[in-house]
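> Dropping in structure.txt, with compact mmCIF, C-alpha atoms.
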# COMPACT_ATOMS: atom_id res chain seq x y z
CA MET A 205 -15.17 -35.35 -26.29
CA ALA A 206 -13.68 -31.86 -26.59
CA LEU A 207 -10.08 -31.34 -27.61
CA ASN A 208 -7.70 -30.54 -24.74
CA LEU A 209 -6.62 -27.19 -26.16
CA PRO A 210 -4.17 -26.13 -23.41
CA SER A 211 -2.32 -29.42 -23.83
CA ILE A 212 -2.37 -29.18 -27.63
CA ARG A 213 -1.17 -25.57 -27.63
CA ALA A 214 1.74 -26.49 -25.37
CA ASP A 215 2.98 -28.76 -28.17
CA PHE A 216 3.46 -25.79 -30.53
CA PRO A 217 6.26 -23.47 -29.35
CA ILE A 218 5.47 -20.64 -31.77
CA LEU A 219 1.99 -20.08 -30.34
CA SER A 220 3.53 -18.43 -27.26
CA ARG A 221 5.40 -15.88 -29.33
CA ILE A 222 5.10 -12.15 -28.61
CA LEU A 223 5.22 -10.14 -31.85
CA PRO A 224 7.16 -6.89 -32.47
CA SER A 225 3.90 -5.02 -31.90
CA GLY A 226 3.98 -6.33 -28.33
CA ARG A 227 0.88 -8.46 -28.97
CA GLN A 228 0.52 -12.17 -28.43
CA LEU A 229 0.49 -14.07 -31.72
CA VAL A 230 -2.93 -15.33 -32.83
CA TYR A 231 -2.16 -17.51 -35.82
CA LEU A 232 -5.07 -17.63 -38.27
CA ASP A 233 -3.28 -18.50 -41.52
CA ASN A 234 -3.51 -22.27 -41.30
CA ALA A 235 -4.80 -22.80 -44.84
CA ALA A 236 -1.45 -21.44 -46.03
CA THR A 237 0.59 -23.58 -43.64
CA THR A 238 0.05 -25.04 -40.19
CA GLN A 239 2.42 -24.67 -37.27
CA LYS A 240 4.69 -27.54 -36.25
CA PRO A 241 4.60 -29.43 -32.96
CA LYS A 242 7.76 -29.95 -30.94
CA ALA A 243 7.81 -33.63 -31.92
CA VAL A 244 8.25 -32.75 -35.60
CA ILE A 245 10.91 -30.12 -34.92
CA GLN A 246 12.83 -32.48 -32.63
CA ALA A 247 12.65 -35.41 -35.08
CA MET A 248 14.15 -33.34 -37.88
CA THR A 249 16.83 -31.92 -35.58
CA ASP A 250 17.64 -35.43 -34.35
CA TYR A 251 18.10 -36.64 -37.92
CA TYR A 252 20.57 -33.86 -38.71
CA GLU A 253 22.42 -34.25 -35.41
CA ASN A 254 22.65 -38.04 -35.32
CA ASN A 255 21.72 -39.79 -38.60
CA ASN A 256 22.43 -37.34 -41.43
CA SER A 257 23.21 -39.35 -44.54
CA ASN A 258 21.84 -39.93 -48.01
CA VAL A 259 19.42 -42.81 -48.45
CA HIS A 260 19.31 -45.93 -50.66
CA ARG A 261 22.97 -45.51 -51.58
CA ALA A 262 25.36 -46.93 -49.00
CA VAL A 263 25.72 -49.71 -46.41
CA HIS A 264 27.32 -47.74 -43.57
CA THR A 265 25.46 -47.23 -40.29
CA LEU A 266 24.24 -43.69 -40.91
CA ALA A 267 22.95 -44.58 -44.37
CA GLY A 268 20.99 -47.49 -42.95
CA GLU A 269 19.50 -45.40 -40.16
CA ALA A 270 18.55 -42.58 -42.52
CA THR A 271 17.01 -44.96 -45.04
CA ASP A 272 14.99 -46.72 -42.37
CA ALA A 273 13.68 -43.43 -40.98
CA TYR A 274 12.88 -42.09 -44.45
CA GLU A 275 10.98 -45.20 -45.47
CA LYS A 276 9.19 -45.31 -42.12
CA GLY A 277 7.87 -41.86 -43.00
CA ARG A 278 6.51 -43.26 -46.28
CA GLN A 279 4.88 -46.16 -44.43
CA ASP A 280 3.30 -43.89 -41.81
CA ILE A 281 1.83 -41.70 -44.54
CA ALA A 282 0.53 -44.71 -46.46
CA ASP A 283 -1.10 -46.08 -43.30
CA TRP A 284 -2.75 -42.73 -42.57
CA PHE A 285 -4.34 -42.64 -46.02
CA PHE A 286 -5.22 -46.38 -46.08
CA VAL A 287 -3.01 -47.19 -49.07
CA ASP A 288 0.05 -49.32 -49.76
CA ARG A 289 3.44 -47.70 -49.30
CA GLU A 290 4.27 -48.35 -52.98
CA GLN A 291 1.52 -45.87 -53.89
CA VAL A 292 3.19 -42.91 -52.15
CA ILE A 293 5.46 -40.76 -54.31
CA PHE A 294 7.22 -38.04 -52.34
CA THR A 295 7.09 -34.57 -53.89
CA SER A 296 7.79 -31.06 -52.65
CA GLY A 297 4.06 -30.55 -52.10
CA THR A 298 0.71 -30.51 -53.85
CA THR A 299 1.93 -28.25 -56.66
CA GLU A 300 4.72 -30.62 -57.67
CA ALA A 301 2.38 -33.59 -57.27
CA ILE A 302 -0.11 -32.10 -59.74
CA ASN A 303 2.68 -31.16 -62.15
CA LEU A 304 3.95 -34.74 -61.90
CA VAL A 305 0.56 -36.03 -63.05
CA VAL A 306 0.39 -33.54 -65.92
CA HIS A 307 3.88 -34.31 -67.20
CA ALA A 308 4.32 -37.99 -66.29
CA TRP A 309 0.78 -39.17 -67.10
CA GLY A 310 -0.62 -36.40 -69.30
CA ARG A 311 2.28 -36.26 -71.74
CA ALA A 312 2.27 -40.05 -72.08
CA ASN A 313 -1.46 -40.56 -72.50
CA LEU A 314 -3.26 -37.46 -73.78
CA LYS A 315 -3.48 -36.76 -77.49
CA LYS A 316 -4.90 -34.14 -79.81
CA GLY A 317 -8.61 -33.61 -79.26
CA ASP A 318 -8.69 -35.05 -75.72
CA VAL A 319 -10.60 -33.00 -73.15
CA VAL A 320 -9.36 -32.15 -69.65
CA LEU A 321 -12.07 -30.95 -67.29
CA VAL A 322 -11.21 -28.81 -64.27
CA THR A 323 -13.20 -26.27 -62.24
CA GLU A 324 -13.27 -22.55 -61.67
CA MET A 325 -12.60 -23.31 -58.01
CA GLU A 326 -9.12 -24.70 -58.65
CA HIS A 327 -5.83 -23.50 -57.27
CA HIS A 328 -3.55 -22.21 -60.03
CA ALA A 329 -1.52 -25.41 -59.66
CA ASP A 330 -4.39 -27.37 -61.22
CA ILE A 331 -4.90 -24.92 -64.10
CA VAL A 332 -1.53 -23.60 -65.27
CA PRO A 333 0.22 -26.97 -65.82
CA TRP A 334 -2.62 -28.05 -68.12
CA GLN A 335 -2.35 -24.77 -70.01
CA LEU A 336 1.36 -25.38 -70.54
CA ILE A 337 0.83 -28.67 -72.38
CA ALA A 338 -2.55 -27.88 -73.97
CA LYS A 339 -1.15 -26.33 -77.15
CA GLU A 340 1.70 -28.82 -77.33
CA ARG A 341 -0.69 -31.78 -77.24
CA GLY A 342 -3.73 -30.16 -78.84
CA ILE A 343 -5.71 -30.71 -75.64
CA GLU A 344 -8.92 -28.86 -74.89
CA ILE A 345 -9.41 -27.56 -71.35
CA ARG A 346 -12.96 -27.10 -70.12
CA PHE A 347 -14.14 -25.59 -66.84
CA VAL A 348 -17.03 -26.42 -64.54
CA SER A 349 -18.41 -23.13 -63.23
CA VAL A 350 -18.93 -22.04 -59.64
CA ASP A 351 -22.24 -20.52 -58.56
CA PRO A 352 -21.29 -17.13 -57.05
CA VAL A 353 -24.34 -17.24 -54.78
CA THR A 354 -24.26 -20.80 -53.39
CA TYR A 355 -20.44 -21.12 -53.74
CA ARG A 356 -20.86 -24.62 -55.17
CA LEU A 357 -19.89 -26.31 -58.42
CA ASN A 358 -22.48 -26.50 -61.19
CA MET A 359 -22.83 -30.27 -61.25
CA ASP A 360 -25.28 -30.09 -64.17
CA GLU A 361 -22.40 -28.70 -66.24
CA PHE A 362 -20.12 -31.45 -65.01
CA GLU A 363 -22.60 -34.15 -65.96
CA ALA A 364 -23.23 -32.58 -69.36
CA SER A 365 -19.50 -32.57 -70.18
CA ILE A 366 -18.23 -35.79 -68.64
CA ASP A 367 -18.89 -38.18 -71.56
CA GLU A 368 -16.29 -36.44 -73.73
CA VAL A 369 -13.69 -35.98 -70.99
CA SER A 370 -10.44 -37.96 -70.72
CA PHE A 371 -9.17 -36.43 -67.48
CA VAL A 372 -10.76 -34.64 -64.51
CA GLY A 373 -8.94 -32.42 -62.04
CA CYS A 374 -10.90 -31.22 -59.03
CA VAL A 375 -10.13 -29.65 -55.69
CA HIS A 376 -11.59 -31.56 -52.74
CA THR A 377 -12.01 -28.49 -50.51
CA SER A 378 -11.64 -24.89 -51.65
CA ASN A 379 -8.83 -22.84 -50.11
CA VAL A 380 -10.93 -19.68 -50.65
CA LEU A 381 -14.51 -20.70 -49.86
CA GLY A 382 -14.09 -23.72 -47.62
CA THR A 383 -16.55 -25.57 -49.85
CA ARG A 384 -16.23 -29.37 -49.85
CA ASN A 385 -16.97 -30.61 -53.33
CA PRO A 386 -18.91 -33.85 -54.03
CA VAL A 387 -15.71 -35.63 -55.01
CA GLU A 388 -17.17 -39.10 -54.51
CA GLU A 389 -19.86 -38.36 -57.10
CA ILE A 390 -17.33 -36.73 -59.43
CA ILE A 391 -14.99 -39.74 -59.30
CA GLU A 392 -17.77 -42.29 -59.83
CA MET A 393 -19.23 -40.38 -62.79
CA ALA A 394 -15.81 -39.87 -64.38
CA HIS A 395 -14.91 -43.55 -64.10
CA SER A 396 -18.25 -44.83 -65.35
CA ARG A 397 -19.01 -42.35 -68.12
CA GLY A 398 -15.86 -40.43 -69.00
CA ASN A 399 -13.94 -40.85 -72.24
CA HIS A 400 -17.04 -42.12 -74.09
CA GLY A 401 -17.63 -44.88 -71.58
CA LYS A 402 -14.00 -46.01 -71.33
CA GLY A 403 -13.54 -44.07 -68.12
CA ALA A 404 -11.71 -40.82 -67.41
CA ARG A 405 -8.79 -40.55 -64.99
CA VAL A 406 -9.27 -38.35 -61.94
CA LEU A 407 -6.90 -36.20 -59.88
CA ILE A 408 -8.17 -34.81 -56.56
CA ASP A 409 -6.33 -31.93 -54.87
CA CYS A 410 -6.61 -32.74 -51.16
CA ALA A 411 -4.26 -30.06 -49.82
CA GLN A 412 -7.05 -28.42 -47.82
CA ALA A 413 -8.92 -31.62 -46.96
CA SER A 414 -6.16 -33.73 -45.45
CA PRO A 415 -5.56 -31.45 -42.41
CA HIS A 416 -9.05 -31.98 -41.00
CA GLU A 417 -10.44 -35.14 -42.60
CA ARG A 418 -9.09 -38.69 -42.27
CA LEU A 419 -9.19 -39.58 -45.95
CA ASN A 420 -9.50 -43.24 -46.91
CA LEU A 421 -7.98 -42.96 -50.35
CA THR A 422 -8.62 -46.59 -51.22
CA GLU A 423 -12.34 -46.03 -50.73
CA LEU A 424 -12.22 -42.64 -52.44
CA ASN A 425 -10.96 -44.46 -55.54
CA ALA A 426 -9.37 -41.47 -57.28
CA ASP A 427 -6.56 -42.33 -59.68
CA PHE A 428 -4.33 -39.60 -58.28
CA VAL A 429 -4.46 -37.64 -55.02
CA ALA A 430 -2.18 -34.70 -54.23
CA VAL A 431 -1.42 -33.69 -50.63
CA SER A 432 0.95 -31.35 -48.77
CA GLY A 433 2.68 -32.23 -45.51
CA HIS A 434 3.04 -28.65 -44.28
CA LYS A 435 -0.73 -28.15 -44.08
CA MET A 436 -1.07 -31.02 -41.61
CA CYS A 437 1.59 -30.12 -39.03
CA GLY A 438 4.47 -31.41 -41.12
CA PRO A 439 7.45 -29.47 -42.49
CA THR A 440 7.46 -27.38 -45.63
CA GLY A 441 8.99 -28.77 -48.80
CA ILE A 442 7.32 -32.19 -48.59
CA GLY A 443 4.12 -33.60 -50.00
CA GLY A 444 2.95 -36.56 -51.94
CA LEU A 445 1.21 -37.92 -54.97
CA ILE A 446 -0.76 -40.99 -54.02
CA VAL A 447 -1.36 -43.14 -57.06
CA LYS A 448 -3.45 -46.19 -57.84
CA PRO A 449 -1.02 -49.07 -58.49
CA GLU A 450 -2.18 -49.53 -62.08
CA MET A 451 -1.62 -45.84 -62.80
CA LEU A 452 2.10 -46.17 -62.06
CA ASP A 453 2.42 -48.27 -65.21
CA GLU A 454 0.76 -45.52 -67.28
CA MET A 455 3.24 -42.86 -66.13
CA GLN A 456 6.58 -42.05 -67.74
CA PRO A 457 9.56 -40.61 -65.83
CA PHE A 458 9.33 -36.87 -65.42
CA MET A 459 12.77 -36.08 -63.97
CA ALA A 460 15.84 -38.26 -64.43
CA GLY A 461 18.88 -39.05 -62.33
CA GLY A 462 19.76 -40.38 -58.91
CA ASP A 463 17.77 -43.19 -57.38
CA MET A 464 15.14 -43.41 -60.14
CA ILE A 465 17.74 -45.12 -62.32
CA GLU A 466 18.06 -48.91 -62.59
CA GLU A 467 20.83 -49.15 -65.21
CA VAL A 468 22.42 -46.62 -67.54
CA PHE A 469 24.12 -47.45 -70.81
CA LEU A 470 25.48 -45.06 -73.39
CA ASP A 471 22.54 -45.65 -75.71
CA HIS A 472 19.66 -46.21 -73.27
CA SER A 473 18.64 -46.44 -69.61
CA THR A 474 16.24 -48.48 -67.52
CA PHE A 475 14.31 -47.22 -64.52
CA GLN A 476 13.15 -48.27 -61.10
CA THR A 477 9.60 -49.44 -60.52
CA GLY A 478 7.05 -48.06 -58.07
CA PRO A 479 7.35 -44.61 -56.49
CA TYR A 480 11.15 -44.54 -56.80
CA ARG A 481 10.80 -44.12 -60.56
CA PHE A 482 9.52 -40.61 -59.88
CA GLU A 483 11.88 -39.55 -57.09
CA ALA A 484 14.96 -38.29 -58.88
CA GLY A 485 18.01 -37.01 -57.03
CA THR A 486 18.60 -36.75 -53.31
CA PRO A 487 15.16 -36.93 -51.73
CA LYS A 488 13.61 -34.79 -49.00
CA ILE A 489 14.89 -36.96 -46.18
CA ALA A 490 14.43 -34.83 -43.07
CA GLU A 491 11.12 -33.58 -44.43
CA ALA A 492 9.78 -37.10 -45.01
CA ILE A 493 10.81 -38.03 -41.47
CA GLY A 494 9.13 -34.92 -40.11
CA TRP A 495 5.94 -35.53 -42.06
CA GLY A 496 5.74 -39.07 -40.74
CA VAL A 497 6.07 -37.77 -37.18
CA ALA A 498 3.36 -35.17 -37.90
CA ILE A 499 1.06 -37.97 -39.07
CA ASN A 500 1.72 -39.86 -35.86
CA TYR A 501 1.00 -36.69 -33.88
CA LEU A 502 -2.38 -36.27 -35.59
CA SER A 503 -3.21 -39.94 -35.07
CA GLN A 504 -3.87 -39.30 -31.37
CA PHE A 505 -6.96 -37.24 -32.28
CA ASP A 506 -10.40 -38.16 -33.54
CA MET A 507 -10.39 -36.28 -36.84
CA HIS A 508 -14.18 -35.93 -36.72
CA GLU A 509 -13.70 -33.94 -33.50
CA VAL A 510 -10.89 -31.94 -35.10
CA HIS A 511 -13.07 -31.04 -38.07
CA GLN A 512 -16.02 -30.14 -35.84
CA HIS A 513 -13.82 -27.88 -33.72
CA ILE A 514 -12.36 -26.13 -36.78
CA HIS A 515 -15.75 -25.79 -38.47
CA ASP A 516 -17.42 -24.41 -35.35
CA LEU A 517 -14.79 -21.68 -35.00
CA ALA A 518 -15.11 -20.76 -38.68
CA ALA A 519 -18.92 -20.78 -38.67
CA HIS A 520 -19.02 -18.62 -35.52
CA THR A 521 -16.51 -16.17 -36.96
CA ALA A 522 -18.25 -15.97 -40.34
CA ASP A 523 -21.59 -15.30 -38.67
CA LYS A 524 -20.28 -12.55 -36.40
CA ILE A 525 -18.11 -10.66 -38.88
CA SER A 526 -20.85 -10.72 -41.54
CA LYS A 527 -22.76 -8.39 -39.22
CA ILE A 528 -19.96 -5.80 -39.21
CA PRO A 529 -20.99 -2.92 -41.52
CA GLY A 530 -19.29 -3.20 -44.91
CA ILE A 531 -17.98 -6.77 -44.44
CA LYS A 532 -18.97 -9.47 -46.93
CA VAL A 533 -18.17 -13.11 -46.20
CA TYR A 534 -17.65 -15.59 -49.04
CA GLY A 535 -18.67 -19.22 -48.64
CA ASP A 536 -21.50 -21.13 -47.00
CA HIS A 537 -20.32 -21.72 -43.45
CA SER A 538 -23.67 -23.15 -42.38
CA ASP A 539 -22.71 -26.27 -44.33
CA PRO A 540 -21.28 -28.76 -41.79
CA THR A 541 -18.77 -30.04 -44.37
CA CYS A 542 -17.27 -26.56 -44.85
CA SER A 543 -13.65 -26.24 -43.73
CA GLY A 544 -12.08 -23.73 -41.34
CA VAL A 545 -11.56 -21.06 -44.01
CA VAL A 546 -13.35 -17.70 -43.76
CA SER A 547 -12.72 -15.31 -46.66
CA PHE A 548 -14.07 -11.79 -46.29
CA LEU A 549 -13.73 -8.32 -47.74
CA HIS A 550 -14.69 -4.80 -46.68
CA GLU A 551 -16.46 -2.70 -49.28
CA THR A 552 -14.15 0.32 -48.90
CA ILE A 553 -11.05 -0.77 -46.94
CA HIS A 554 -8.34 -2.31 -49.13
CA ALA A 555 -7.65 -5.90 -48.13
CA GLU A 556 -3.93 -5.30 -47.64
CA ASP A 557 -4.52 -2.24 -45.47
CA LEU A 558 -6.95 -4.19 -43.35
CA ALA A 559 -4.46 -7.04 -42.98
CA HIS A 560 -1.79 -4.64 -41.69
CA PHE A 561 -4.14 -3.37 -38.98
CA LEU A 562 -5.04 -6.93 -38.06
CA ASP A 563 -1.35 -7.78 -37.79
CA LEU A 564 -0.80 -4.85 -35.44
CA GLY A 565 -3.34 -6.53 -33.18
CA GLY A 566 -1.39 -9.80 -33.32
CA PHE A 567 -3.66 -11.57 -35.83
CA ALA A 568 -1.90 -13.39 -38.68
CA VAL A 569 -4.25 -13.69 -41.66
CA ARG A 570 -3.78 -14.22 -45.39
CA THR A 571 -4.47 -11.52 -47.96
CA GLY A 572 -4.59 -11.68 -51.75
CA HIS A 573 -6.06 -13.84 -54.49
CA HIS A 574 -5.00 -17.08 -52.76
CA CYS A 575 -3.66 -18.52 -56.04
CA ALA A 576 -7.24 -18.67 -57.32
CA GLN A 577 -7.62 -15.72 -59.66
CA PRO A 578 -10.27 -17.32 -61.92
CA LEU A 579 -12.44 -17.87 -58.84
CA MET A 580 -11.84 -14.31 -57.70
CA ARG A 581 -12.97 -13.00 -61.07
CA LYS A 582 -16.09 -15.15 -60.87
CA LEU A 583 -16.86 -13.57 -57.50
CA GLY A 584 -16.26 -10.11 -58.97
CA ILE A 585 -13.30 -9.26 -56.75
CA THR A 586 -9.51 -9.28 -56.92
CA ALA A 587 -8.63 -10.36 -53.37
CA THR A 588 -9.95 -11.20 -49.93
CA ASN A 589 -8.71 -11.35 -46.39
CA ARG A 590 -8.77 -14.91 -45.12
CA THR A 591 -8.75 -16.37 -41.65
CA SER A 592 -8.29 -20.11 -41.33
CA PHE A 593 -8.48 -22.13 -38.14
CA TYR A 594 -6.81 -25.34 -37.01
CA LEU A 595 -6.95 -27.72 -34.09
CA TYR A 596 -4.94 -25.47 -31.72
CA ASN A 597 -7.05 -22.34 -32.20
CA THR A 598 -9.47 -21.39 -29.43
CA GLN A 599 -12.85 -19.76 -29.07
CA GLU A 600 -11.12 -16.93 -27.21
CA GLU A 601 -8.87 -16.30 -30.22
CA ALA A 602 -11.86 -16.26 -32.57
CA ASP A 603 -13.74 -13.81 -30.35
CA ALA A 604 -10.68 -11.59 -29.96
CA PHE A 605 -10.30 -11.51 -33.74
CA ILE A 606 -13.95 -10.57 -34.21
CA THR A 607 -13.65 -7.76 -31.63
CA HIS A 608 -10.45 -6.40 -33.14
CA LEU A 609 -11.83 -6.48 -36.69
CA GLU A 610 -14.95 -4.67 -35.56
CA ARG A 611 -12.83 -2.02 -33.83
CA VAL A 612 -10.53 -1.53 -36.86
CA VAL A 613 -13.43 -1.21 -39.27
CA GLY A 614 -15.13 1.25 -36.95
CA ARG A 615 -12.06 3.48 -36.75
CA LEU A 616 -11.30 3.40 -40.47
CA THR A 617 -14.85 4.19 -41.57
CA ARG A 618 -15.76 7.03 -39.21
Would you mind writing the file's structure down as structure tokens?

Amino acid sequence: MALNLPSIRADFPILSRILPSGRQLVYLDNAATTQKPKAVIQAMTDYYENNNSNVHRAVHTLAGEATDAYEKGRQDIADWFFVDREQVIFTSGTTEAINLVVHAWGRANLKKGDVVLVTEMEHHADIVPWQLIAKERGIEIRFVSVDPVTYRLNMDEFEASIDEVSFVGCVHTSNVLGTRNPVEEIIEMAHSRGNHGKGARVLIDCAQASPHERLNLTELNADFVAVSGHKMCGPTGIGGLIVKPEMLDEMQPFMAGGDMIEEVFLDHSTFQTGPYRFEAGTPKIAEAIGWGVAINYLSQFDMHEVHQHIHDLAAHTADKISKIPGIKVYGDHSDPTCSGVVSFLHETIHAEDLAHFLDLGGFAVRTGHHCAQPLMRKLGITATNRTSFYLYNTQEEADAFITHLERVVGRLTR
């Protein structure tokens, strides 16, 4: 059953915007952030207009309403990912979620000589935090390489390294290539063989996977999963770390103050249990409410259909623009598991210049290294242009983009 695109697009006010260039907006930067449906915008406005209060702190009416709405957001997110609500720690997004693992679990459990294994495909957020504590803890960081021809991880390298590894960090779906990694195999191998047979812990970055795949995180069996609300129709500034229950006991508080406290004495303090132990200060209340509403909005769709729609648009676009003289496309878009990301580069036109000409035509695309400079170096480039599709994009928009890109390249390379 095809998605009802006119009905879906009517839910997103920004998609009707006319840009300063006089062109209709064609939003193709969804891997950076998705647009927000009216239901999310209205829910957050309603909170501020009618229920604005801090949570978990008072017994007055507004505090009770705000707390109920905030915790309903946590429950909705837990239900979406097939986990218990006590496993959902609210963060500002995937970046904070990964940093929380590094500092709350890594500092408490890793010691000199331990090996952390990540990949060349990672976002900077899954590389830099490990670098920051590597010297402090005497940790060794190893990298699984990416094949620059197939755009896939070298799983032979992974298997050869895993026995000595204490922790694995891996992106589920690349924000540059669209490649879906064999995370199920990675998790199973890490748990069964890592850390000299004792089992390695695993963190999966699902920022790019969660918008188009209904992830059953209980079945996935990763120890930690990082997600961002704003990439799945939710507001910015909210995300989550979803943690196996037993992992919560292995984590130490990262930030202190506010609701993570149980009791404070002059010489020591005790802390809350569960996710609240890692949610210091006033939480992201409106954002949690908005994310929960976004989850409920997505629940009306068959996510297999959503993925197929997104993939078809990306595969069509990748195929057509690869035939434009001078354009190189990165990623294997013939793979049905590939996401809606299409990274490309012209051999002589600077990526930023090309992006400006695309913007003049109304097409919003991403340009740069996409917070993945090690991957860029492996591909022998410094940046790409990137289109990324979501459930509200249409075939007409994809074709218009292809036509405009072809016209721009033709004029700039005469």
> Looking at A:Met393, A:Phe294, A:Glu556, A:Phe286, which one is nearest to Thr422 in chain A, with distances taken over all atoms listed in the file?
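Of A:Met393, A:Phe294, A:Glu556, A:Phe286, the one nearest Thr422 in chain A, counting all atoms listed in the file, is A:Phe286.
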> Give me, as a list in words, all polymer residues having an atom no more than 12 Å from Leu314 in chain A, counting all atoms listed in the file and skipping those fewer than 5 positions away in the same chain.
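Result of the neighbour search: Val305, Val306, His307, Ala308, Trp309, Val319, Val320, Trp334, Ile337, Ala338, Lys339, Glu340, Arg341, Gly342, Ile343, Glu344, Ile345, Val369, Ser370, Phe371, Asn399, Ala404, Arg405, Glu454 and Met455 of chain A.
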> Go ahead and write the selection's residues with C-alpha atoms as a compact mmCIF listing (two decimals), in the frame of the given file.

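Result saved to part.txt:
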# COMPACT_ATOMS: atom_id res chain seq x y z
CA VAL A 305 0.56 -36.03 -63.05
CA VAL A 306 0.39 -33.54 -65.92
CA HIS A 307 3.88 -34.31 -67.20
CA ALA A 308 4.32 -37.99 -66.29
CA TRP A 309 0.78 -39.17 -67.10
CA VAL A 319 -10.60 -33.00 -73.15
CA VAL A 320 -9.36 -32.15 -69.65
CA TRP A 334 -2.62 -28.05 -68.12
CA ILE A 337 0.83 -28.67 -72.38
CA ALA A 338 -2.55 -27.88 -73.97
CA LYS A 339 -1.15 -26.33 -77.15
CA GLU A 340 1.70 -28.82 -77.33
CA ARG A 341 -0.69 -31.78 -77.24
CA GLY A 342 -3.73 -30.16 -78.84
CA ILE A 343 -5.71 -30.71 -75.64
CA GLU A 344 -8.92 -28.86 -74.89
CA ILE A 345 -9.41 -27.56 -71.35
CA VAL A 369 -13.69 -35.98 -70.99
CA SER A 370 -10.44 -37.96 -70.72
CA PHE A 371 -9.17 -36.43 -67.48
CA ASN A 399 -13.94 -40.85 -72.24
CA ALA A 404 -11.71 -40.82 -67.41
CA ARG A 405 -8.79 -40.55 -64.99
CA GLU A 454 0.76 -45.52 -67.28
CA MET A 455 3.24 -42.86 -66.13
> So how many Å separate CA of Gly401 in chain A and CA of Asp367 in chain A, to one decimal?
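Answer for the CA of Gly401 in chain A to CA of Asp367 in chain A separation: 6.8 Å.
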> So how many Å separate CA of Ala301 in chain A and CA of Asn255 in chain A, to one decimal?
27.6 Å
> Which one is closest to Asn256 in chain A: A:Ile390, A:Cys437, A:Val230, A:Ala490? Count only C-alpha atoms.
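Comparing A:Ile390, A:Cys437, A:Val230, A:Ala490 against Asn256 in chain A, the winner is A:Ala490.
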> For each of A:Arg227, A:His508, A:Arg481, A:His537, take the minimum atom-to-atom distance to Asp563 in chain A, counting all atoms listed in the file, then give the residue where this is smallest.
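Going through A:Arg227, A:His508, A:Arg481, A:His537 one by one, the smallest distance to Asp563 in chain A is for A:Arg227.
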> So, counting all atoms listed in the file, which residue among A:Thr591, A:Asn500, A:Ser257, A:Gln456 is closest to Phe548 in chain A?
A:Thr591
> Within 6 Å of Leu232 in chain A, counting only C-alpha atoms, which residues show up once you throw out same-chain ones fewer than 2 positions away? Write them as an MDAnalysis selection string, please.
chainID A and resid 234 568:569 591:593
> Interatomic distance between CA of Gln512 in chain A and CA of Ala411 in chain A?
18.3 Å
